[in-house]
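Chemist: So here's target_10.txt (compact mmCIF, N, CA and C atoms).
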# COMPACT_ATOMS: atom_id res chain seq x y z
N GLN A 26 47.30 19.74 -15.80
CA GLN A 26 48.57 19.57 -15.10
C GLN A 26 48.70 20.66 -14.04
N LEU A 27 49.02 20.24 -12.83
CA LEU A 27 49.15 21.18 -11.72
C LEU A 27 50.59 21.63 -11.62
N GLN A 28 50.82 22.92 -11.78
CA GLN A 28 52.17 23.43 -11.61
C GLN A 28 52.11 24.92 -11.35
N LEU A 29 53.23 25.44 -10.92
CA LEU A 29 53.39 26.87 -10.70
C LEU A 29 54.21 27.47 -11.83
N VAL A 30 53.97 28.73 -12.12
CA VAL A 30 54.66 29.41 -13.21
C VAL A 30 55.33 30.66 -12.66
N GLU A 31 56.66 30.71 -12.81
CA GLU A 31 57.43 31.86 -12.33
C GLU A 31 57.68 32.84 -13.47
N SER A 32 57.79 34.12 -13.14
CA SER A 32 58.11 35.15 -14.13
C SER A 32 58.80 36.30 -13.42
N GLY A 33 59.40 37.18 -14.21
CA GLY A 33 60.00 38.39 -13.67
C GLY A 33 61.50 38.41 -13.61
N GLY A 34 62.15 37.34 -14.02
CA GLY A 34 63.60 37.31 -13.98
C GLY A 34 64.20 38.05 -15.17
N GLY A 35 65.52 38.02 -15.22
CA GLY A 35 66.22 38.67 -16.33
C GLY A 35 67.61 39.09 -15.91
N LEU A 36 68.23 39.90 -16.77
CA LEU A 36 69.55 40.44 -16.48
C LEU A 36 69.38 41.78 -15.76
N VAL A 37 69.95 41.87 -14.58
CA VAL A 37 69.79 43.05 -13.73
C VAL A 37 71.16 43.48 -13.23
N GLN A 38 71.37 44.77 -13.16
CA GLN A 38 72.63 45.26 -12.63
C GLN A 38 72.71 45.02 -11.13
N PRO A 39 73.88 44.77 -10.60
CA PRO A 39 74.03 44.67 -9.15
C PRO A 39 73.45 45.93 -8.48
N GLY A 40 72.73 45.68 -7.41
CA GLY A 40 72.03 46.76 -6.74
C GLY A 40 70.61 46.95 -7.22
N GLY A 41 70.23 46.24 -8.29
CA GLY A 41 68.90 46.35 -8.85
C GLY A 41 67.83 45.68 -8.00
N SER A 42 66.57 45.82 -8.44
CA SER A 42 65.42 45.36 -7.64
C SER A 42 64.35 44.70 -8.49
N PRO A 43 64.62 43.53 -9.02
CA PRO A 43 63.57 42.85 -9.77
C PRO A 43 62.51 42.26 -8.85
N ARG A 44 61.32 42.06 -9.37
CA ARG A 44 60.25 41.40 -8.62
C ARG A 44 59.83 40.15 -9.38
N LEU A 45 59.87 39.05 -8.69
CA LEU A 45 59.46 37.78 -9.27
C LEU A 45 58.01 37.49 -8.88
N SER A 46 57.30 36.84 -9.80
CA SER A 46 55.91 36.45 -9.54
C SER A 46 55.77 34.94 -9.69
N CYS A 47 54.83 34.40 -8.94
CA CYS A 47 54.55 32.96 -8.96
C CYS A 47 53.04 32.81 -9.05
N ALA A 48 52.57 32.21 -10.13
CA ALA A 48 51.14 32.01 -10.35
C ALA A 48 50.87 30.53 -10.53
N ALA A 49 49.64 30.13 -10.25
CA ALA A 49 49.27 28.72 -10.33
C ALA A 49 48.60 28.40 -11.66
N SER A 50 48.82 27.18 -12.11
CA SER A 50 48.14 26.68 -13.29
C SER A 50 47.41 25.40 -12.91
N GLY A 51 46.09 25.42 -13.00
CA GLY A 51 45.32 24.23 -12.69
C GLY A 51 44.82 24.10 -11.27
N PHE A 52 45.17 25.05 -10.40
CA PHE A 52 44.69 25.04 -9.02
C PHE A 52 44.86 26.44 -8.45
N THR A 53 44.39 26.66 -7.23
CA THR A 53 44.54 27.97 -6.59
C THR A 53 45.61 27.90 -5.53
N LEU A 54 46.30 29.02 -5.39
CA LEU A 54 47.43 29.08 -4.47
C LEU A 54 47.02 29.27 -3.02
N ASP A 55 45.83 29.83 -2.77
CA ASP A 55 45.57 30.34 -1.42
C ASP A 55 45.49 29.26 -0.36
N TYR A 56 45.40 28.01 -0.75
CA TYR A 56 45.35 26.91 0.21
C TYR A 56 46.72 26.57 0.78
N TYR A 57 47.79 27.00 0.07
CA TYR A 57 49.12 26.48 0.37
C TYR A 57 50.10 27.53 0.88
N ALA A 58 51.01 27.08 1.77
CA ALA A 58 52.23 27.85 1.99
C ALA A 58 53.08 27.72 0.73
N ILE A 59 53.73 28.83 0.36
CA ILE A 59 54.53 28.86 -0.85
C ILE A 59 55.98 29.19 -0.52
N GLY A 60 56.87 28.51 -1.15
CA GLY A 60 58.29 28.76 -0.95
C GLY A 60 58.97 29.17 -2.24
N TRP A 61 59.98 30.01 -2.09
CA TRP A 61 60.87 30.36 -3.20
C TRP A 61 62.22 29.69 -2.93
N PHE A 62 62.77 29.11 -3.99
CA PHE A 62 64.05 28.42 -3.92
C PHE A 62 64.91 28.93 -5.07
N ARG A 63 66.21 28.69 -4.98
CA ARG A 63 67.08 29.06 -6.09
C ARG A 63 68.20 28.04 -6.24
N GLN A 64 68.70 27.94 -7.45
CA GLN A 64 69.81 27.04 -7.71
C GLN A 64 70.78 27.72 -8.68
N ALA A 65 72.00 27.89 -8.22
CA ALA A 65 73.05 28.46 -9.05
C ALA A 65 73.83 27.32 -9.70
N PRO A 66 74.50 27.59 -10.80
CA PRO A 66 75.27 26.53 -11.48
C PRO A 66 76.29 25.90 -10.54
N GLY A 67 76.26 24.57 -10.50
CA GLY A 67 77.21 23.84 -9.69
C GLY A 67 76.91 23.82 -8.21
N LYS A 68 75.77 24.37 -7.82
CA LYS A 68 75.41 24.42 -6.40
C LYS A 68 74.09 23.70 -6.16
N GLU A 69 73.87 23.32 -4.91
CA GLU A 69 72.61 22.69 -4.55
C GLU A 69 71.50 23.73 -4.47
N ARG A 70 70.29 23.28 -4.65
CA ARG A 70 69.14 24.16 -4.50
C ARG A 70 69.01 24.60 -3.04
N GLU A 71 68.72 25.86 -2.83
CA GLU A 71 68.57 26.37 -1.47
C GLU A 71 67.25 27.10 -1.31
N GLY A 72 66.70 27.00 -0.12
CA GLY A 72 65.48 27.73 0.20
C GLY A 72 65.80 29.19 0.43
N VAL A 73 65.03 30.07 -0.18
CA VAL A 73 65.25 31.51 -0.09
C VAL A 73 64.25 32.16 0.87
N SER A 74 62.97 31.83 0.68
CA SER A 74 61.93 32.46 1.49
C SER A 74 60.66 31.64 1.39
N CYS A 75 59.78 31.80 2.37
CA CYS A 75 58.49 31.14 2.31
C CYS A 75 57.45 31.99 3.02
N ILE A 76 56.18 31.69 2.74
CA ILE A 76 55.07 32.46 3.31
C ILE A 76 53.92 31.51 3.56
N THR A 77 53.25 31.68 4.69
CA THR A 77 52.13 30.81 5.01
C THR A 77 50.93 31.12 4.13
N SER A 78 49.95 30.25 4.19
CA SER A 78 48.75 30.39 3.36
C SER A 78 48.07 31.74 3.58
N SER A 79 48.00 32.18 4.82
CA SER A 79 47.34 33.45 5.12
C SER A 79 48.21 34.66 4.81
N GLY A 80 49.52 34.43 4.69
CA GLY A 80 50.46 35.53 4.52
C GLY A 80 50.93 36.13 5.82
N ALA A 81 50.49 35.58 6.95
CA ALA A 81 50.81 36.18 8.24
C ALA A 81 52.24 35.90 8.69
N VAL A 82 52.80 34.80 8.23
CA VAL A 82 54.14 34.40 8.67
C VAL A 82 55.05 34.22 7.46
N THR A 83 56.25 34.78 7.55
CA THR A 83 57.25 34.62 6.50
C THR A 83 58.56 34.15 7.10
N ASN A 84 59.42 33.63 6.27
CA ASN A 84 60.70 33.11 6.72
C ASN A 84 61.73 33.38 5.61
N TYR A 85 62.97 33.68 6.00
CA TYR A 85 63.99 34.01 5.02
C TYR A 85 65.30 33.31 5.34
N ALA A 86 66.04 32.97 4.30
CA ALA A 86 67.42 32.50 4.48
C ALA A 86 68.28 33.67 4.96
N ASP A 87 69.27 33.37 5.75
CA ASP A 87 70.14 34.42 6.27
C ASP A 87 70.78 35.23 5.15
N SER A 88 71.06 34.58 4.03
CA SER A 88 71.76 35.24 2.93
C SER A 88 70.93 36.32 2.25
N VAL A 89 69.61 36.31 2.46
CA VAL A 89 68.75 37.31 1.79
C VAL A 89 67.96 38.14 2.78
N LYS A 90 68.07 37.85 4.05
CA LYS A 90 67.29 38.56 5.06
C LYS A 90 67.63 40.05 5.02
N GLY A 91 66.61 40.88 5.00
CA GLY A 91 66.80 42.32 4.93
C GLY A 91 66.88 42.85 3.52
N ARG A 92 67.03 41.97 2.53
CA ARG A 92 67.10 42.41 1.12
C ARG A 92 65.92 41.92 0.30
N PHE A 93 65.42 40.73 0.57
CA PHE A 93 64.31 40.17 -0.18
C PHE A 93 63.04 40.23 0.66
N THR A 94 61.90 40.39 -0.02
CA THR A 94 60.61 40.42 0.67
C THR A 94 59.62 39.54 -0.08
N ILE A 95 59.02 38.61 0.63
CA ILE A 95 58.00 37.76 0.04
C ILE A 95 56.63 38.30 0.43
N SER A 96 55.67 38.19 -0.48
CA SER A 96 54.30 38.62 -0.19
C SER A 96 53.37 37.82 -1.07
N ARG A 97 52.09 37.91 -0.76
CA ARG A 97 51.11 37.21 -1.58
C ARG A 97 49.84 38.02 -1.67
N ASP A 98 49.17 37.87 -2.80
CA ASP A 98 47.87 38.49 -3.03
C ASP A 98 46.94 37.35 -3.40
N ASN A 99 46.21 36.84 -2.43
CA ASN A 99 45.36 35.67 -2.69
C ASN A 99 44.21 36.02 -3.63
N ALA A 100 43.81 37.27 -3.67
CA ALA A 100 42.75 37.68 -4.60
C ALA A 100 43.23 37.54 -6.04
N LYS A 101 44.54 37.75 -6.26
CA LYS A 101 45.13 37.60 -7.58
C LYS A 101 45.78 36.23 -7.75
N ASP A 102 45.73 35.44 -6.67
CA ASP A 102 46.29 34.09 -6.73
C ASP A 102 47.76 34.10 -7.15
N THR A 103 48.51 35.02 -6.56
CA THR A 103 49.91 35.22 -6.94
C THR A 103 50.76 35.46 -5.70
N VAL A 104 51.97 34.91 -5.73
CA VAL A 104 52.96 35.16 -4.69
C VAL A 104 54.13 35.89 -5.34
N TYR A 105 54.68 36.85 -4.62
CA TYR A 105 55.76 37.69 -5.15
C TYR A 105 57.03 37.52 -4.32
N LEU A 106 58.15 37.74 -4.96
CA LEU A 106 59.42 37.85 -4.25
C LEU A 106 60.12 39.09 -4.77
N GLN A 107 60.21 40.12 -3.91
CA GLN A 107 60.89 41.36 -4.25
C GLN A 107 62.35 41.21 -3.88
N LEU A 108 63.22 41.36 -4.87
CA LEU A 108 64.66 41.25 -4.65
C LEU A 108 65.25 42.65 -4.66
N ASN A 109 65.79 43.10 -3.58
CA ASN A 109 66.43 44.41 -3.50
C ASN A 109 67.93 44.25 -3.26
N SER A 110 68.67 45.29 -3.60
CA SER A 110 70.14 45.30 -3.40
C SER A 110 70.77 44.02 -3.94
N LEU A 111 70.42 43.71 -5.16
CA LEU A 111 70.84 42.44 -5.77
C LEU A 111 72.36 42.35 -5.85
N LYS A 112 72.89 41.19 -5.54
CA LYS A 112 74.33 40.93 -5.57
C LYS A 112 74.64 39.89 -6.65
N PRO A 113 75.86 39.88 -7.16
CA PRO A 113 76.21 38.84 -8.15
C PRO A 113 75.97 37.43 -7.64
N GLU A 114 76.16 37.22 -6.35
CA GLU A 114 75.94 35.88 -5.78
C GLU A 114 74.48 35.49 -5.70
N ASP A 115 73.57 36.40 -6.02
CA ASP A 115 72.15 36.06 -6.10
C ASP A 115 71.79 35.46 -7.46
N THR A 116 72.73 35.45 -8.38
CA THR A 116 72.48 34.88 -9.70
C THR A 116 72.14 33.40 -9.59
N ALA A 117 70.98 33.04 -10.12
CA ALA A 117 70.50 31.66 -10.02
C ALA A 117 69.19 31.54 -10.80
N VAL A 118 68.73 30.31 -10.95
CA VAL A 118 67.37 30.07 -11.40
C VAL A 118 66.50 30.03 -10.14
N TYR A 119 65.45 30.81 -10.14
CA TYR A 119 64.55 30.91 -9.00
C TYR A 119 63.27 30.13 -9.28
N TYR A 120 62.88 29.31 -8.32
CA TYR A 120 61.69 28.47 -8.44
C TYR A 120 60.73 28.77 -7.29
N CYS A 121 59.44 28.61 -7.56
CA CYS A 121 58.47 28.61 -6.48
C CYS A 121 57.80 27.23 -6.44
N ALA A 122 57.29 26.89 -5.27
CA ALA A 122 56.65 25.59 -5.08
C ALA A 122 55.67 25.71 -3.94
N ALA A 123 54.75 24.75 -3.87
CA ALA A 123 53.71 24.74 -2.84
C ALA A 123 53.99 23.64 -1.82
N ASP A 124 53.85 23.98 -0.54
CA ASP A 124 54.00 22.98 0.52
C ASP A 124 52.68 22.24 0.66
N THR A 125 52.64 21.00 0.21
CA THR A 125 51.40 20.23 0.19
C THR A 125 51.18 19.44 1.48
N THR A 126 52.06 19.61 2.47
CA THR A 126 51.92 18.83 3.70
C THR A 126 51.35 19.63 4.87
N LEU A 127 51.26 20.95 4.73
CA LEU A 127 50.78 21.79 5.82
C LEU A 127 49.30 22.13 5.67
N SER A 128 48.62 22.22 6.80
CA SER A 128 47.24 22.71 6.81
C SER A 128 47.24 24.18 6.42
N PRO A 129 46.21 24.65 5.72
CA PRO A 129 46.14 26.08 5.39
C PRO A 129 46.04 26.96 6.64
N LEU A 130 45.75 26.38 7.81
CA LEU A 130 45.69 27.14 9.05
C LEU A 130 47.05 27.19 9.76
N SER A 131 48.02 26.50 9.21
CA SER A 131 49.33 26.43 9.86
C SER A 131 50.00 27.79 9.89
N ARG A 132 50.70 28.07 11.00
CA ARG A 132 51.50 29.28 11.10
C ARG A 132 52.97 28.94 10.94
N LEU A 133 53.21 27.97 10.11
CA LEU A 133 54.58 27.52 9.85
C LEU A 133 54.81 27.48 8.36
N CYS A 134 56.00 27.91 7.94
CA CYS A 134 56.43 27.59 6.58
C CYS A 134 57.91 27.22 6.65
N ARG A 135 58.34 26.39 5.72
CA ARG A 135 59.66 25.78 5.81
C ARG A 135 60.52 26.12 4.61
N LEU A 136 61.81 26.16 4.79
CA LEU A 136 62.74 26.43 3.71
C LEU A 136 63.40 25.17 3.17
N SER A 137 62.98 24.02 3.70
CA SER A 137 63.46 22.76 3.15
C SER A 137 62.56 22.36 2.00
N SER A 138 63.13 21.94 0.89
CA SER A 138 62.34 21.65 -0.30
C SER A 138 61.65 20.30 -0.27
N ASP A 139 61.94 19.47 0.73
CA ASP A 139 61.41 18.10 0.74
C ASP A 139 59.88 18.05 0.75
N GLU A 140 59.23 19.04 1.38
CA GLU A 140 57.77 19.00 1.53
C GLU A 140 57.04 19.69 0.38
N TYR A 141 57.78 20.19 -0.58
CA TYR A 141 57.16 21.01 -1.62
C TYR A 141 56.88 20.22 -2.89
N ALA A 142 55.83 20.68 -3.59
CA ALA A 142 55.44 20.05 -4.85
C ALA A 142 54.99 21.13 -5.83
N TYR A 143 54.54 20.69 -7.00
CA TYR A 143 54.04 21.58 -8.05
C TYR A 143 55.09 22.59 -8.47
N TRP A 144 56.30 22.13 -8.64
CA TRP A 144 57.40 23.00 -9.03
C TRP A 144 57.19 23.56 -10.43
N GLY A 145 57.59 24.85 -10.60
CA GLY A 145 57.55 25.45 -11.92
C GLY A 145 58.86 25.22 -12.65
N GLN A 146 58.97 25.84 -13.82
CA GLN A 146 60.17 25.71 -14.66
C GLN A 146 61.29 26.63 -14.20
N GLY A 147 60.96 27.61 -13.39
CA GLY A 147 61.97 28.53 -12.88
C GLY A 147 62.13 29.75 -13.76
N THR A 148 62.72 30.80 -13.18
CA THR A 148 63.03 32.01 -13.92
C THR A 148 64.46 32.42 -13.58
N GLN A 149 65.22 32.72 -14.60
CA GLN A 149 66.64 33.04 -14.41
C GLN A 149 66.78 34.48 -13.95
N VAL A 150 67.56 34.68 -12.90
CA VAL A 150 67.95 36.02 -12.45
C VAL A 150 69.47 36.10 -12.53
N THR A 151 69.95 37.07 -13.29
CA THR A 151 71.38 37.27 -13.43
C THR A 151 71.74 38.68 -13.01
N ALA A 152 72.57 38.78 -12.00
CA ALA A 152 73.02 40.09 -11.51
C ALA A 152 74.42 40.33 -12.06
N SER A 153 74.49 41.21 -13.04
CA SER A 153 75.78 41.46 -13.69
C SER A 153 75.75 42.83 -14.36
N SER A 154 76.90 43.49 -14.37
CA SER A 154 76.99 44.77 -15.06
C SER A 154 77.58 44.56 -16.46
As structure tokens, how would this structure be written, given the file I've shared?

Modeler:
Amino acid sequence: QLQLVESGGGLVQPGGSPRLSCAASGFTLDYYAIGWFRQAPGKEREGVSCITSSGAVTNYADSVKGRFTISRDNAKDTVYLQLNSLKPEDTAVYYCAADTTLSPLSRLCRLSSDEYAYWGQGTQVTASS
């Protein structure tokens, strides 16, 4: 079964800095642009950040720009999302997924979830004191 596995969530105090990881099961990540998404209770899923296959290009939602950093280590077949200056409104289940429609040479990554596949189960991040 091809899917991604997220880890690194938990209960964190506001202002904290958890790091989320996204690893592949059944395939390798380095071929794909990877996106991070989140969904809070009662809200629609939103794109948080994405990174191209090479790691050269990244994209962020305005709500996290300057606070979150996406990166990838293709040698470890893992994509990371560093969350800094965490706010209560960042509380959500965080998912990673692979964009299966882009060439690995593409310098584009998208924050719309329509093109993504191989979704994981998600990891809960709760920012609360």

Chemist: Check the smallest atom-to-atom distance from each of A:Gln107, A:Ser131, A:Thr53, A:Gln38 to Ser74 (chain A) using only C-alpha atoms, then report the winner.

Modeler: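 Ranking A:Gln107, A:Ser131, A:Thr53, A:Gln38 by distance to Ser74 (chain A), first place goes to A:Gln107.
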
Chemist: So that I can check the surroundings of region 87-93 of chain A, please list as JSON, numbers by chain every protein, DNA and RNA residue that reaches within 6.5 Å of it, counting all atoms listed in the file and ignoring chain neighbours fewer than 3 positions away.

Modeler: {"A": [106, 107, 108, 109, 110]}

Chemist: Interatomic distance between atom C of Ile95 (chain A) and atom N of Val73 (chain A)?

Modeler: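 Rounded to one decimal, the two atoms are 11.8 Å apart.
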
Chemist: So the first atom is atom N of Arg70 (chain A) and the second is atom C of Tyr120 (chain A); what is the distance between them in Å, to one decimal place?

Modeler: 11.3 Å

Chemist: I need the residues in chain A that are strand (DSSP E) according to DSSP; give them as a PyMOL selection string.

Modeler: chain A and resi 28-32+35-37+44-50+58-64+71-76+83-85+93-98+103-108+117-124+141-142+148-152

Chemist: Can you work out the spacing between CA of Thr83 (chain A) and atom C of Pro43 (chain A) in Å, to one decimal?

Modeler: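 These two atoms are separated by 17.9 Å.
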